[in-house]
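Colleague: My structure is stored as upload.txt, with compact mmCIF, C-alpha atoms.
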```txt
# COMPACT_ATOMS: atom_id res chain seq x y z
CA MET A 377 0.00 0.00 0.00
CA GLY A 378 2.86 2.34 0.87
CA LEU A 379 4.52 1.66 -2.47
CA ASP A 380 1.31 2.49 -4.36
CA LEU A 381 0.99 5.72 -2.41
CA ASP A 382 4.59 6.66 -3.20
CA ILE A 383 4.07 6.04 -6.93
CA TYR A 384 0.87 8.08 -6.84
CA LEU A 385 2.59 11.00 -5.13
CA ILE A 386 5.51 10.83 -7.54
CA ASN A 387 3.12 10.96 -10.50
CA LEU A 388 1.38 13.99 -9.00
CA PHE A 389 4.76 15.65 -8.45
CA VAL A 390 5.84 15.00 -12.05
CA ILE A 391 2.61 16.41 -13.52
CA GLY A 392 2.76 19.45 -11.23
CA LEU A 393 6.41 20.16 -12.07
CA LEU A 394 5.79 19.69 -15.79
CA LEU A 395 2.84 22.08 -15.71
CA LEU A 396 4.92 24.68 -13.88
CA LEU A 397 7.83 24.43 -16.31
CA VAL A 398 5.79 24.56 -19.51
CA THR A 399 3.69 27.42 -18.15
CA LEU A 400 6.67 29.52 -17.10
CA GLY A 401 8.47 28.68 -20.33
CA SER A 402 5.47 29.01 -22.65
CA GLY A 403 6.73 32.31 -24.08
CA TRP A 404 9.95 30.63 -25.25
CA ILE A 405 8.27 27.40 -26.32
CA ASP A 406 5.89 29.30 -28.61
CA LYS A 407 8.89 30.57 -30.56
CA LEU A 408 10.48 27.13 -30.96
CA PRO A 409 9.72 24.54 -33.69
CA ILE A 410 8.20 22.27 -31.08
CA SER A 411 4.69 21.76 -29.72
CA PHE A 412 3.58 21.30 -26.13
CA ALA A 413 2.26 17.83 -27.03
CA LEU A 414 5.73 16.80 -28.22
CA ILE A 415 7.20 17.95 -24.92
CA TYR A 416 4.64 15.92 -22.96
CA LEU A 417 5.33 12.87 -25.11
CA ILE A 418 9.10 13.12 -24.64
CA VAL A 419 8.68 13.56 -20.88
CA GLY A 420 6.34 10.55 -20.74
CA ILE A 421 8.87 8.37 -22.58
CA THR A 422 11.82 9.68 -20.56
CA LEU A 423 10.18 9.12 -17.20
CA GLY A 424 8.55 5.82 -18.21
CA PRO A 425 9.81 2.22 -18.21
CA TYR A 426 12.60 2.92 -20.73
CA GLY A 427 13.84 6.05 -18.98
CA PHE A 428 14.03 6.88 -15.30
CA LYS A 429 11.06 4.62 -14.44
CA ILE A 430 9.50 7.38 -12.36
CA VAL A 431 6.10 7.54 -14.06
CA GLN A 432 4.45 4.15 -13.67
CA LEU A 433 1.00 4.42 -15.18
CA LYS A 434 -0.77 1.26 -16.31
CA PRO A 435 -4.25 2.37 -17.34
CA ASP A 436 -6.72 -0.16 -18.67
CA ALA A 437 -8.75 0.44 -21.83
CA ASN A 438 -11.83 1.52 -19.85
CA PHE A 439 -9.94 4.22 -17.94
CA LEU A 440 -8.30 5.49 -21.12
CA GLU A 441 -11.66 5.54 -22.89
CA ARG A 442 -13.21 7.69 -20.16
CA LEU A 443 -10.20 10.02 -19.92
CA THR A 444 -9.94 10.60 -23.66
CA GLU A 445 -13.74 10.89 -23.93
CA PHE A 446 -13.76 13.77 -21.45
CA VAL A 447 -10.80 15.50 -23.10
CA VAL A 448 -12.46 15.29 -26.51
CA ILE A 449 -15.88 16.59 -25.46
CA VAL A 450 -14.34 19.60 -23.70
CA SER A 451 -12.21 20.29 -26.77
CA LEU A 452 -15.21 19.97 -29.11
CA TYR A 453 -17.18 22.52 -27.09
CA SER A 454 -14.17 24.83 -27.09
CA CYS A 455 -13.88 24.51 -30.88
CA ALA A 456 -17.58 25.27 -31.27
CA LEU A 457 -17.32 28.45 -29.20
CA LYS A 458 -14.77 29.73 -31.73
CA MET A 459 -17.11 29.27 -34.69
CA ASN A 460 -17.67 32.82 -35.89
CA ARG A 461 -19.59 32.42 -39.13
CA PRO A 462 -23.28 32.34 -40.08
CA LEU A 463 -24.79 28.89 -40.57
CA ASN A 464 -24.91 28.69 -44.37
CA PHE A 465 -23.15 26.56 -46.98
CA GLY A 466 -21.06 29.42 -48.34
CA ALA A 467 -19.55 30.32 -44.98
CA TRP A 468 -18.80 26.68 -44.13
CA ARG A 469 -17.56 25.59 -47.56
CA SER A 470 -14.15 24.50 -46.21
CA THR A 471 -15.80 22.35 -43.55
CA ILE A 472 -18.17 20.73 -46.03
CA ARG A 473 -15.28 19.82 -48.33
CA LEU A 474 -13.05 18.49 -45.53
CA ILE A 475 -15.85 16.47 -43.92
CA GLY A 476 -17.86 15.47 -46.98
CA PHE A 477 -14.95 14.48 -49.21
CA LEU A 478 -11.66 14.28 -47.32
CA MET A 479 -12.84 12.19 -44.36
CA PRO A 480 -14.44 9.41 -46.49
CA ILE A 481 -11.39 9.44 -48.78
CA SER A 482 -9.15 8.97 -45.73
CA ILE A 483 -11.26 6.20 -44.20
CA PHE A 484 -11.54 4.11 -47.35
CA ALA A 485 -7.94 4.69 -48.43
CA ILE A 486 -6.69 3.47 -45.04
CA ALA A 487 -9.12 0.53 -45.25
CA ALA A 488 -7.88 -0.38 -48.73
CA ILE A 489 -4.24 -0.32 -47.62
CA SER A 490 -5.07 -2.39 -44.53
CA HIS A 491 -7.11 -4.91 -46.55
CA TRP A 492 -4.71 -5.43 -49.45
CA GLY A 493 -1.44 -4.53 -47.74
CA LEU A 494 -1.97 -6.04 -44.27
CA LYS A 495 -4.52 -8.73 -45.25
CA MET A 496 -7.20 -7.50 -42.83
CA GLU A 497 -10.84 -8.27 -43.48
CA TRP A 498 -12.84 -5.28 -44.73
CA GLY A 499 -14.66 -4.77 -41.40
CA PRO A 500 -11.54 -4.34 -39.23
CA ALA A 501 -9.88 -2.40 -42.07
CA ILE A 502 -12.74 0.14 -42.11
CA LEU A 503 -12.60 0.25 -38.30
CA LEU A 504 -8.90 1.17 -38.47
CA GLY A 505 -9.70 3.79 -41.11
CA ALA A 506 -12.37 5.30 -38.84
CA ILE A 507 -9.98 5.32 -35.86
CA LEU A 508 -7.23 7.11 -37.76
CA ALA A 509 -9.22 9.38 -40.11
CA PRO A 510 -10.43 12.04 -37.62
CA THR A 511 -8.13 14.98 -37.06
CA ASP A 512 -7.57 15.92 -33.46
CA PRO A 513 -9.25 18.94 -31.86
CA VAL A 514 -6.96 18.69 -28.83
CA LEU A 515 -3.42 18.53 -30.22
CA ALA A 516 -4.14 20.79 -33.20
CA SER A 517 -4.75 23.95 -31.16
CA GLU A 518 -1.75 25.72 -32.75
CA VAL A 519 -3.40 25.61 -36.19
CA GLN A 520 -6.95 26.37 -35.04
CA LEU A 521 -8.75 29.69 -34.71
CA ALA A 522 -6.93 31.81 -32.17
CA ASP A 523 -10.10 33.56 -30.98
CA THR A 524 -13.63 34.43 -32.01
CA ASP A 525 -12.44 37.38 -34.14
CA ASP A 526 -10.09 35.26 -36.28
CA LYS A 527 -11.45 35.14 -39.86
CA ASP A 528 -8.67 33.08 -41.44
CA GLU A 529 -10.01 30.40 -43.84
CA LEU A 530 -7.29 27.83 -43.12
CA ARG A 531 -7.73 28.06 -39.37
CA PHE A 532 -11.53 28.01 -39.62
CA GLY A 533 -11.49 24.95 -41.87
CA LEU A 534 -9.11 23.01 -39.61
CA THR A 535 -11.00 24.00 -36.43
CA SER A 536 -14.43 23.09 -37.76
CA GLU A 537 -13.08 19.88 -39.32
CA GLY A 538 -11.56 18.82 -36.01
CA GLY A 539 -14.83 19.57 -34.26
CA LEU A 540 -17.03 17.60 -36.65
CA ASN A 541 -15.01 14.65 -37.89
CA ASP A 542 -14.42 13.38 -34.35
CA ALA A 543 -18.18 12.87 -34.24
CA LEU A 544 -18.94 11.89 -37.82
CA ALA A 545 -16.37 9.10 -37.91
CA PHE A 546 -18.55 7.20 -35.43
CA PRO A 547 -20.82 5.53 -38.05
CA PHE A 548 -17.75 3.93 -39.62
CA VAL A 549 -16.48 2.83 -36.21
CA TYR A 550 -19.83 1.13 -35.63
CA PHE A 551 -19.63 -0.45 -39.10
CA GLY A 552 -16.35 -2.10 -38.13
CA ILE A 553 -17.68 -3.13 -34.70
CA HIS A 554 -20.79 -4.73 -36.23
CA TRP A 555 -18.50 -6.66 -38.58
CA LEU A 556 -16.40 -7.87 -35.64
CA GLU A 557 -19.49 -8.95 -33.67
CA LYS A 558 -21.65 -10.45 -36.44
CA GLY A 559 -19.28 -11.16 -39.31
CA ASN A 560 -19.68 -10.25 -42.95
CA ASN A 561 -23.27 -11.49 -43.00
CA TRP A 562 -24.56 -8.04 -44.00
CA GLN A 563 -28.27 -8.82 -44.02
CA ASP A 564 -28.15 -9.41 -40.25
CA TRP A 565 -27.01 -5.89 -39.33
CA PHE A 566 -26.62 -3.53 -42.30
CA LYS A 567 -30.20 -2.10 -42.19
CA GLU A 568 -29.88 -1.51 -38.45
CA TRP A 569 -26.55 0.24 -39.04
CA VAL A 570 -28.09 2.58 -41.63
CA ALA A 571 -31.22 3.33 -39.60
CA VAL A 572 -29.68 3.70 -36.14
CA ASP A 573 -25.95 4.44 -36.49
CA LEU A 574 -26.05 6.46 -39.69
CA ILE A 575 -29.36 8.35 -39.57
CA TRP A 576 -30.89 8.35 -36.08
CA ALA A 577 -27.68 8.96 -34.13
CA VAL A 578 -26.74 11.97 -36.28
CA VAL A 579 -30.24 13.50 -36.17
CA ALA A 580 -30.47 12.91 -32.41
CA GLY A 581 -27.04 14.46 -31.87
CA VAL A 582 -27.89 17.64 -33.78
CA GLY A 583 -31.34 17.96 -32.19
CA MET A 584 -30.23 17.32 -28.63
CA GLY A 585 -27.27 19.69 -28.96
CA ILE A 586 -29.60 22.53 -29.95
CA ILE A 587 -32.27 21.74 -27.35
CA VAL A 588 -29.97 21.39 -24.33
CA ALA A 589 -27.83 24.43 -25.15
CA LYS A 590 -30.84 26.69 -25.72
CA ALA A 591 -32.51 25.42 -22.54
CA VAL A 592 -29.41 26.01 -20.41
CA VAL A 593 -28.77 29.52 -21.78
CA PHE A 594 -32.47 30.42 -21.46
CA LEU A 595 -32.54 29.23 -17.84
CA GLU A 596 -29.30 31.06 -17.06
CA GLN A 597 -30.53 34.34 -18.54
CA LYS A 598 -33.89 34.13 -16.76
CA LEU A 599 -32.32 33.47 -13.35
CA GLU A 600 -29.72 36.23 -13.78
CA LYS A 601 -32.52 38.79 -14.04
CA HIS A 602 -33.40 37.99 -10.42
CA THR A 603 -30.12 36.84 -8.85
CA PRO A 604 -26.70 37.27 -10.53
CA ILE A 605 -24.57 34.13 -10.75
CA ASP A 606 -21.36 34.17 -8.72
CA ASP A 607 -18.46 35.19 -10.99
CA LEU A 608 -16.29 32.35 -9.72
CA MET A 609 -18.96 29.80 -10.63
CA ALA A 610 -20.25 31.25 -13.91
CA ASP A 611 -17.80 29.43 -16.16
CA PHE A 612 -18.99 26.07 -14.82
CA ILE A 613 -22.09 26.65 -16.97
CA ALA A 614 -19.90 25.50 -19.87
CA ILE A 615 -18.93 22.23 -18.17
CA SER A 616 -22.52 21.57 -17.10
CA THR A 617 -23.73 22.18 -20.67
CA ILE A 618 -21.11 19.76 -22.00
CA LEU A 619 -21.96 17.01 -19.52
CA LEU A 620 -25.74 17.40 -19.79
CA THR A 621 -25.65 17.47 -23.58
CA TYR A 622 -23.34 14.48 -23.86
CA SER A 623 -25.14 12.28 -21.33
CA LEU A 624 -28.68 13.06 -22.53
CA THR A 625 -27.69 12.42 -26.14
CA GLU A 626 -26.05 9.11 -25.30
CA PHE A 627 -29.19 8.13 -23.34
CA ILE A 628 -31.19 8.23 -26.58
CA TYR A 629 -28.41 6.56 -28.64
CA GLY A 630 -27.32 9.72 -30.40
CA TYR A 631 -23.76 10.87 -31.07
CA GLY A 632 -22.70 12.78 -27.98
CA PHE A 633 -19.60 14.23 -29.67
CA LEU A 634 -21.73 15.76 -32.41
CA ALA A 635 -24.26 17.05 -29.86
CA VAL A 636 -21.57 18.78 -27.79
CA PHE A 637 -20.15 20.54 -30.85
CA VAL A 638 -23.63 21.65 -31.95
CA ALA A 639 -24.40 22.77 -28.39
CA GLY A 640 -21.32 24.98 -28.37
CA ILE A 641 -22.44 26.68 -31.59
CA ALA A 642 -26.02 27.06 -30.36
CA ALA A 643 -24.94 28.46 -26.97
CA GLN A 644 -22.54 31.06 -28.33
CA LYS A 645 -25.12 32.33 -30.83
CA GLN A 646 -27.71 32.71 -28.08
CA TYR A 647 -25.51 34.70 -25.71
CA GLU A 648 -26.16 38.42 -26.00
CA ASP A 649 -23.20 39.16 -23.74
CA GLN A 650 -20.13 38.24 -25.81
CA GLU A 651 -17.91 38.58 -22.74
CA LYS A 652 -19.59 35.48 -21.30
CA ARG A 653 -18.76 33.56 -24.47
CA HIS A 654 -15.10 34.64 -24.29
CA SER A 655 -14.94 33.71 -20.61
CA GLN A 656 -16.34 30.22 -21.26
CA LEU A 657 -13.88 29.75 -24.13
CA GLU A 658 -10.90 30.62 -21.91
CA PHE A 659 -12.14 28.31 -19.16
CA THR A 660 -12.74 25.29 -21.43
CA GLU A 661 -9.35 25.78 -23.09
CA GLN A 662 -7.66 25.71 -19.69
CA VAL A 663 -9.44 22.47 -18.75
CA GLU A 664 -8.54 21.00 -22.16
CA LYS A 665 -4.84 21.88 -21.77
CA LEU A 666 -4.70 20.34 -18.30
CA MET A 667 -6.23 17.07 -19.49
CA GLU A 668 -3.96 17.03 -22.57
CA VAL A 669 -0.92 16.85 -20.29
CA ALA A 670 -2.18 13.72 -18.53
CA THR A 671 -3.28 12.01 -21.76
CA ILE A 672 -0.03 12.46 -23.68
CA LEU A 673 2.08 11.62 -20.62
CA ILE A 674 0.18 8.34 -20.35
CA LEU A 675 0.71 7.64 -24.06
CA GLY A 676 4.45 8.21 -23.71
CA SER A 677 4.71 5.96 -20.67
CA MET A 678 2.72 3.19 -22.45
CA LEU A 679 5.07 2.83 -25.41
CA ARG A 680 6.96 -0.47 -25.51
CA VAL A 681 10.03 -1.09 -27.69
CA GLN A 682 9.25 -4.73 -28.48
CA ALA A 683 5.67 -4.00 -29.59
CA ILE A 684 6.74 -0.95 -31.60
CA TRP A 685 9.42 -2.96 -33.36
CA GLN A 686 7.00 -5.80 -34.08
CA HIS A 687 4.39 -3.51 -35.70
CA LEU A 688 6.67 -0.74 -37.01
CA GLY A 689 6.52 -1.84 -40.63
CA GLU A 690 2.73 -2.05 -40.65
CA ALA A 691 2.40 1.29 -38.85
CA LEU A 692 4.80 3.04 -41.21
CA LEU A 693 2.88 1.68 -44.19
CA VAL A 694 -0.50 2.88 -42.89
CA GLY A 695 0.57 5.95 -40.92
CA GLY A 696 3.22 7.05 -43.40
CA LEU A 697 0.85 6.85 -46.36
CA LEU A 698 -1.87 8.58 -44.32
CA LEU A 699 0.31 11.55 -43.35
CA PHE A 700 2.34 11.93 -46.54
CA VAL A 701 0.00 10.72 -49.30
CA ILE A 702 -3.64 10.11 -48.34
CA ARG A 703 -4.25 13.33 -46.40
CA PRO A 704 -2.34 15.69 -48.77
CA VAL A 705 -3.77 14.17 -51.98
CA GLY A 706 -7.24 13.87 -50.45
CA ALA A 707 -7.18 17.50 -49.33
CA TRP A 708 -6.06 18.63 -52.79
CA ILE A 709 -8.90 16.66 -54.42
CA SER A 710 -11.43 17.92 -51.86
CA THR A 711 -10.56 21.59 -52.46
CA ILE A 712 -10.66 21.50 -56.29
CA GLY A 713 -12.69 24.43 -57.57
CA GLY A 714 -12.81 26.14 -54.19
CA ASN A 715 -10.69 29.14 -55.21
CA TYR A 716 -8.20 28.48 -52.40
CA LYS A 717 -4.61 29.68 -52.51
CA PRO A 718 -2.10 26.85 -53.17
CA ILE A 719 -0.51 27.31 -49.74
CA THR A 720 -3.92 26.98 -48.07
CA ARG A 721 -4.63 23.76 -49.93
CA ALA A 722 -1.17 22.41 -49.10
CA LEU A 723 -1.56 23.20 -45.38
CA PHE A 724 -5.05 21.68 -45.32
CA GLY A 725 -3.28 18.55 -46.52
CA TRP A 726 -0.41 18.62 -44.07
CA PHE A 727 -2.16 19.58 -40.84
CA GLY A 728 -4.13 16.39 -40.33
CA VAL A 729 -3.01 15.96 -36.72
CA ARG A 730 -3.84 12.61 -35.13
CA GLY A 731 -4.09 12.24 -31.37
CA VAL A 732 -6.56 11.97 -28.49
CA GLY A 733 -9.60 11.37 -30.71
CA SER A 734 -7.98 8.31 -32.27
CA MET A 735 -7.04 7.03 -28.80
CA TYR A 736 -10.69 7.32 -27.73
CA TYR A 737 -12.02 5.42 -30.74
CA LEU A 738 -9.42 2.71 -30.23
CA CYS A 739 -10.37 2.25 -26.57
CA TYR A 740 -14.07 2.31 -27.50
CA ALA A 741 -13.45 -0.47 -30.01
CA PHE A 742 -11.68 -2.54 -27.33
CA GLY A 743 -14.79 -2.26 -25.19
CA HIS A 744 -17.00 -3.44 -28.07
CA GLY A 745 -15.40 -6.57 -29.47
CA LEU A 746 -11.90 -5.70 -30.64
CA LYS A 747 -9.41 -8.11 -29.01
CA ASP A 748 -6.60 -10.63 -29.38
CA SER A 749 -3.91 -10.28 -32.06
CA LEU A 750 -6.10 -8.13 -34.30
CA GLY A 751 -6.69 -5.73 -31.42
CA GLU A 752 -2.97 -5.56 -30.68
CA GLN A 753 -2.18 -4.94 -34.34
CA ILE A 754 -4.71 -2.10 -34.67
CA ALA A 755 -3.67 -0.64 -31.30
CA TRP A 756 0.01 -0.37 -32.14
CA ILE A 757 -0.62 0.93 -35.64
CA THR A 758 -2.72 3.64 -33.97
CA TYR A 759 -0.20 4.45 -31.23
CA ILE A 760 2.73 4.65 -33.65
CA THR A 761 0.75 6.81 -36.08
CA ILE A 762 -0.15 9.20 -33.24
CA VAL A 763 3.50 9.38 -32.17
CA LEU A 764 4.57 10.08 -35.77
CA SER A 765 1.95 12.83 -35.99
CA VAL A 766 2.95 14.39 -32.67
CA ILE A 767 6.62 14.45 -33.72
CA LEU A 768 6.19 15.60 -37.34
CA HIS A 769 3.45 18.15 -36.70
CA GLY A 770 5.05 19.27 -33.45
CA ILE A 771 8.27 20.15 -35.27
CA SER A 772 6.70 21.64 -38.39
CA THR A 773 3.73 23.62 -37.04
CA THR A 774 5.53 26.75 -35.82
CA PRO A 775 7.76 27.36 -38.88
CA LEU A 776 4.99 26.54 -41.37
CA MET A 777 2.37 28.69 -39.64
CA ASN A 778 4.87 31.55 -39.26
CA ARG A 779 5.56 31.37 -43.00
CA TYR A 780 1.84 31.23 -43.72
CA GLU A 781 1.17 34.29 -41.54
CA ARG A 782 3.96 36.22 -43.29
CA LEU A 783 2.53 35.41 -46.72
CA ILE A 784 -0.97 36.42 -45.61
CA SER A 785 0.34 39.67 -44.12
CA ARG A 786 2.27 40.53 -47.30
CA ARG A 787 -0.81 39.82 -49.42
CA ARG A 788 -2.97 42.05 -47.20
CA ARG A 789 -0.44 44.89 -47.34
CA LYS A 790 -0.28 44.55 -51.11
CA LEU A 791 -4.07 44.71 -51.42
CA ASN A 792 -4.19 47.77 -49.16
CA GLN A 793 -1.46 49.70 -51.05
CA PRO A 794 -2.59 53.00 -52.61
CA THR A 795 -2.69 53.04 -56.43
CA VAL A 796 -1.25 55.64 -58.85
CA ALA A 797 -2.75 56.88 -62.13
CA GLY A 798 -3.47 54.02 -64.51
CA GLY A 799 -4.46 51.70 -61.66
CA GLU A 800 -0.99 50.18 -61.01
CA GLU A 801 0.14 49.66 -57.43
CA ALA A 802 2.48 52.31 -56.08
```
Could the structure of this file be written out as structure tokens, please?

Modeller:
Amino acid sequence: MGLDLDIYLINLFVIGLLLLLVTLGSGWIDKLPISFALIYLIVGITLGPYGFKIVQLKPDANFLERLTEFVVIVSLYSCALKMNRPLNFGAWRSTIRLIGFLMPISIFAIAAISHWGLKMEWGPAILLGAILAPTDPVLASEVQLADTDDKDELRFGLTSEGGLNDALAFPFVYFGIHWLEKGNNWQDWFKEWVAVDLIWAVVAGVGMGIIVAKAVVFLEQKLEKHTPIDDLMADFIAISTILLTYSLTEFIYGYGFLAVFVAGIAAQKQYEDQEKRHSQLEFTEQVEKLMEVATILILGSMLRVQAIWQHLGEALLVGGLLLFVIRPVGAWISTIGGNYKPITRALFGWFGVRGVGSMYYLCYAFGHGLKDSLGEQIAWITYITIVLSVILHGISTTPLMNRYERLISRRRRKLNQPTVAGGEEA
């Protein structure tokens, strides 16, 4: 018992010290070609079994599922609060292209590689595609909208994509799970999958997200007319909205992730006081960052050399093609005719960050029939792909986004230059 207590206290000490160091050094870290997630991953590996053996975390799949589930729903709500455009097709054209074209391209391309390259059956291959296809709303914060006044098309597209594809990959996850449970006898489960997992769950998610958010904001505004809410407690309205929306939607077999994202959009559009919206955004981002530390530390401490070596070839085939071929080519195809600048299309293709969302889907699959050697194979392909993404995107995000911002700034200055006679720029 004493040993367990010591390990627990050491883990608390490590997390506390890491938070202090990255917070105090955040000004310098922001200028370096390195992300906070990469720092957490390196620390997790260094302090884990192959380093100083200080961090000894052995979470089971159920604990990881619940941890990553909470991190994702908070991040989805945070993403939704940043959505600053009217709800019409023209304003959300980037999102529609990235969700409607790029996500299915990614899922089925990964499935094809897994089926023909790794000899998986189509069901598990589609499951792996659904696990790896969603971009991460947690680890991709550096390329998302900075605030509610940010109008940048690249950042809006990546933020809204990360918010929606973590929910809309679920039908394909269920497709793979049904295959694992009932085999390729389609007539036994395909109609149920279409009716429940594809149609009902999406409709229920959208509807419940709107209903709960509007009800909470309405109740809050009515009560504030009589008794103001304590300033220290006000931001907990965001967490309560997240938890109520998610749980009520899951009760009726809807997609809770989708509902939470919709609830965030509905809530921020209903608030007349924009300061409240900004305050909730800051609060949810702080919670998200805290939970990100724990999640990535755990991932780093879970990595095992023997398992990585055993599945490295398979992971490099799937993950390498996903990051360097499938995502870039898919993004280029999805943005044809959209009048985007080449650099915007290229960065849409590169910034397909994989992370906590994929970990959640993997753990969910383990709780619903994924097991044995197939489960181990899919798990390590997923872990290695996430690590590759954290390293590659962690190193490249700062220099690429700095270059992008410089190009955008030069273009804006050029457009704002006064003109001389004849219409040529001065």

Colleague: Ranking A:Thr511, A:Thr399, A:Ser454, A:Gln686 by minimum distance to Thr660 (chain A) and counting all atoms listed in the file, which one comes first?

Modeller: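 Nearest to Thr660 (chain A): A:Ser454.
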
Colleague: As an exercise, work out the distance from CA of Ile712 (chain A) to CA of Ile472 (chain A) in Å and give it to one decimal place.

Modeller: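 For CA of Ile712 (chain A) relative to CA of Ile472 (chain A), the distance reads 12.7 Å.
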
Colleague: Counting all atoms listed in the file, which residues in region 683-784 of chain A sit no more than 10 Å from region 486-510 of chain A? For each one, give the nearest pair of atoms and the distance in Å, sorted by chain then residue number, as CSV.

Modeller:
```
residue,atom,partner,partner_atom,distance
A:Glu690,CA,A:Leu494,CA,7.1
A:Leu693,CA,A:Ile489,CA,8.2
A:Val694,CA,A:Ile486,CA,6.6
A:Gly695,CA,A:Leu508,CA,8.5
A:Leu697,CA,A:Ile486,CA,8.4
A:Leu698,CA,A:Ile486,CA,7.1
A:Ile702,CA,A:Ile486,CA,8.0
A:Arg703,CA,A:Ala509,CA,8.9
A:Gly728,CA,A:Pro510,CA,8.1
A:Val729,CA,A:Pro510,CA,8.4
A:Arg730,CA,A:Leu508,CA,7.0
A:Gly731,CA,A:Leu508,CA,8.8
A:Val732,CA,A:Pro510,CA,9.9
A:Gly733,CA,A:Pro510,CA,7.0
A:Ser734,CA,A:Ile507,CA,5.1
A:Met735,CA,A:Ile507,CA,7.8
A:Tyr736,CA,A:Ile507,CA,8.4
A:Tyr737,CA,A:Ile507,CA,5.5
A:Leu738,CA,A:Ile507,CA,6.2
A:Cys739,CA,A:Ile507,CA,9.8
A:Tyr740,CA,A:Ile507,CA,9.8
A:Ala741,CA,A:Leu503,CA,8.4
A:Leu746,CA,A:Pro500,CA,8.7
A:Leu750,CA,A:Pro500,CA,8.3
A:Gly751,CA,A:Pro500,CA,9.3
A:Gln753,CA,A:Leu504,CA,10.0
A:Ile754,CA,A:Leu504,CA,6.5
A:Ala755,CA,A:Leu504,CA,9.1
A:Ile757,CA,A:Leu504,CA,8.8
A:Thr758,CA,A:Leu508,CA,6.8
A:Tyr759,CA,A:Leu508,CA,10.0
A:Thr761,CA,A:Leu508,CA,8.2
A:Ile762,CA,A:Leu508,CA,8.7
```

Colleague: Looking at A:Leu666, A:Leu723, A:Ala485, A:Val705, which one is nearest to Gly392 (chain A), with distances taken over all atoms listed in the file?

Modeller: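 Distance minimum relative to Gly392 (chain A) lands on A:Leu666.
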
Colleague: Pick the closest to Leu530 (chain A) from A:Ser451, A:Thr711, A:Ser482, A:Thr422: which is it, counting only C-alpha atoms?

Modeller: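 Counting only C-alpha atoms, the residue closest to Leu530 (chain A) is A:Thr711.
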